[in-house]
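What follows is a single structure, written as structure tokens, with notes after it.
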Amino acid sequence: MGIIKRPKAPFEEHLNMVIIEARDAYAKVMMPYRKKFTNPHGSIHGGAIVSLADTAMAVAIFSKYLHSSFYTVKLEIKFKSPANKGKIFAEAKVIDKRKRFIFGKVEIKDSKDKLLAQVLATFYLTKEYTYAMKRRLFPPQGWK
């Protein structure tokens with residue numbers, strides 16, 4: 001659909017991540033293969049892949065809970081295949097919310113749609129700020 005407007009973290013810029021899509025608790029984020037992101041075997045380092053998953057999940061959460069504050073509590077990753085070249089993509093979805101905990105899943109795939117990793121994510125919402133709350137806190141002039 002579109003790219004959401006949000007501040008980009010310096011680490012995302014360092015890893016050359018690009019938000020492809022973000023809407024309704026879903027996000028797709030791309031990270032290119034770079035030699036400087038590899039392990040000694042020439043595959044993208046697992047830490048870079050985890051960072052991509054974490055970022056994609058944060059973007060998915062931000063697309064649903066705009067202007068809210070949250071942080072990562074837990075990421076559980078299962079690596080399926082190495083990423084040896086080309087772009088890799090993370091598709092993240094919010095799957096549940098219980099009180100202030102947000103649960104999601106992320107799939108990391110290469111440009112040929114090969115599954116590279118699966119992630120289960122837990123985030124904690126420290127401050128929820130929705131459009132409905134904004135209307136109650138800051139009603140337009142003339143509203144009573």
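Please note that chains go A, B, ... in the order of the structure tokens, that every chain numbers its residues from 1, and that ligands are numbered from 1 in the order shown.
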
What residues in chain A get the DSSP label strand (DSSP E or B)? Please answer as a JSON list (two decimals) with C-alpha atoms, in the first residue's frame.
[["chain", "number", "residue", "atom", "x", "y", "z"],
["A", 18, "VAL", "CA", 14.02, -0.08, 3.17],
["A", 19, "ILE", "CA", 10.35, -0.20, 4.19],
["A", 20, "ILE", "CA", 8.50, -1.63, 1.19],
["A", 21, "GLU", "CA", 5.02, -1.64, 2.74],
["A", 22, "ALA", "CA", 3.41, -0.86, 6.09],
["A", 23, "ARG", "CA", -0.30, -0.97, 6.84],
["A", 26, "TYR", "CA", 1.63, -5.59, 8.59],
["A", 27, "ALA", "CA", 5.05, -4.60, 7.25],
["A", 28, "LYS", "CA", 7.46, -5.68, 4.55],
["A", 29, "VAL", "CA", 11.05, -4.52, 4.90],
["A", 30, "MET", "CA", 13.99, -5.20, 2.56],
["A", 31, "MET", "CA", 17.70, -5.50, 3.36],
["A", 32, "PRO", "CA", 20.28, -5.93, 0.59],
["A", 38, "THR", "CA", 28.34, -11.51, 6.09],
["A", 44, "ILE", "CA", 24.35, -12.75, 5.68],
["A", 69, "SER", "CA", 6.06, 3.62, 22.44],
["A", 70, "PHE", "CA", 7.12, -0.02, 22.64],
["A", 71, "TYR", "CA", 10.16, -2.23, 22.92],
["A", 72, "THR", "CA", 11.22, -5.77, 22.07],
["A", 73, "VAL", "CA", 10.79, -8.30, 24.87],
["A", 74, "LYS", "CA", 11.64, -11.52, 23.02],
["A", 75, "LEU", "CA", 12.52, -12.77, 19.56],
["A", 76, "GLU", "CA", 12.61, -16.50, 18.87],
["A", 77, "ILE", "CA", 14.19, -17.27, 15.52],
["A", 78, "LYS", "CA", 14.49, -20.48, 13.55],
["A", 79, "PHE", "CA", 17.00, -20.27, 10.71],
["A", 87, "LYS", "CA", 17.98, -8.86, -1.34],
["A", 88, "ILE", "CA", 16.21, -10.41, 1.60],
["A", 89, "PHE", "CA", 12.73, -9.48, 2.78],
["A", 90, "ALA", "CA", 11.00, -9.62, 6.16],
["A", 91, "GLU", "CA", 7.21, -9.81, 6.28],
["A", 92, "ALA", "CA", 5.87, -9.09, 9.76],
["A", 93, "LYS", "CA", 2.34, -9.33, 11.15],
["A", 94, "VAL", "CA", 0.83, -8.50, 14.51],
["A", 95, "ILE", "CA", -1.14, -11.62, 15.46],
["A", 96, "ASP", "CA", -2.40, -10.79, 18.97],
["A", 97, "LYS", "CA", -2.44, -8.18, 21.71],
["A", 98, "ARG", "CA", -3.00, -8.98, 25.37],
["A", 101, "PHE", "CA", 1.91, -7.25, 25.16],
["A", 102, "ILE", "CA", 1.93, -7.49, 21.38],
["A", 103, "PHE", "CA", 2.68, -10.79, 19.66],
["A", 104, "GLY", "CA", 3.76, -11.18, 16.08],
["A", 105, "LYS", "CA", 5.37, -13.39, 13.52],
["A", 106, "VAL", "CA", 7.95, -12.64, 10.86],
["A", 107, "GLU", "CA", 9.09, -14.59, 7.84],
["A", 108, "ILE", "CA", 12.41, -13.82, 6.19],
["A", 109, "LYS", "CA", 12.65, -14.79, 2.52],
["A", 110, "ASP", "CA", 15.01, -14.18, -0.36],
["A", 115, "LEU", "CA", 12.19, -19.22, 3.36],
["A", 116, "LEU", "CA", 15.33, -18.23, 5.26],
["A", 117, "ALA", "CA", 14.01, -17.81, 8.80],
["A", 118, "GLN", "CA", 10.85, -17.73, 10.91],
["A", 119, "VAL", "CA", 10.48, -15.50, 13.95],
["A", 120, "LEU", "CA", 8.03, -15.27, 16.84],
["A", 121, "ALA", "CA", 8.13, -11.85, 18.48],
["A", 122, "THR", "CA", 6.89, -10.33, 21.72],
["A", 123, "PHE", "CA", 6.86, -6.57, 22.25],
["A", 124, "TYR", "CA", 5.72, -4.46, 25.20],
["A", 125, "LEU", "CA", 3.60, -1.37, 24.58],
["A", 126, "THR", "CA", 4.75, 1.26, 27.08],
["A", 127, "LYS", "CA", 2.45, 3.99, 25.79]]

Let's see if you can do this: from backbone DSSP, list all alpha helix (DSSP H) residues in chain A, as a PyMOL selection string.
chain A and resi 10-14+46-64+131-137

One-decimal distance in Å that lies between CA of Phe62 (chain A) and CA of Ala25 (chain A):
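Computing the Euclidean distance for CA of Ala25 (chain A) and CA of Phe62 (chain A) yields 7.5 Å.
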
Using only C-alpha atoms, which of the listed residues (A:Thr55, A:Arg100, A:Gly46, A:Pro40) sits closest to Glu13 (chain A)?
A:Thr55
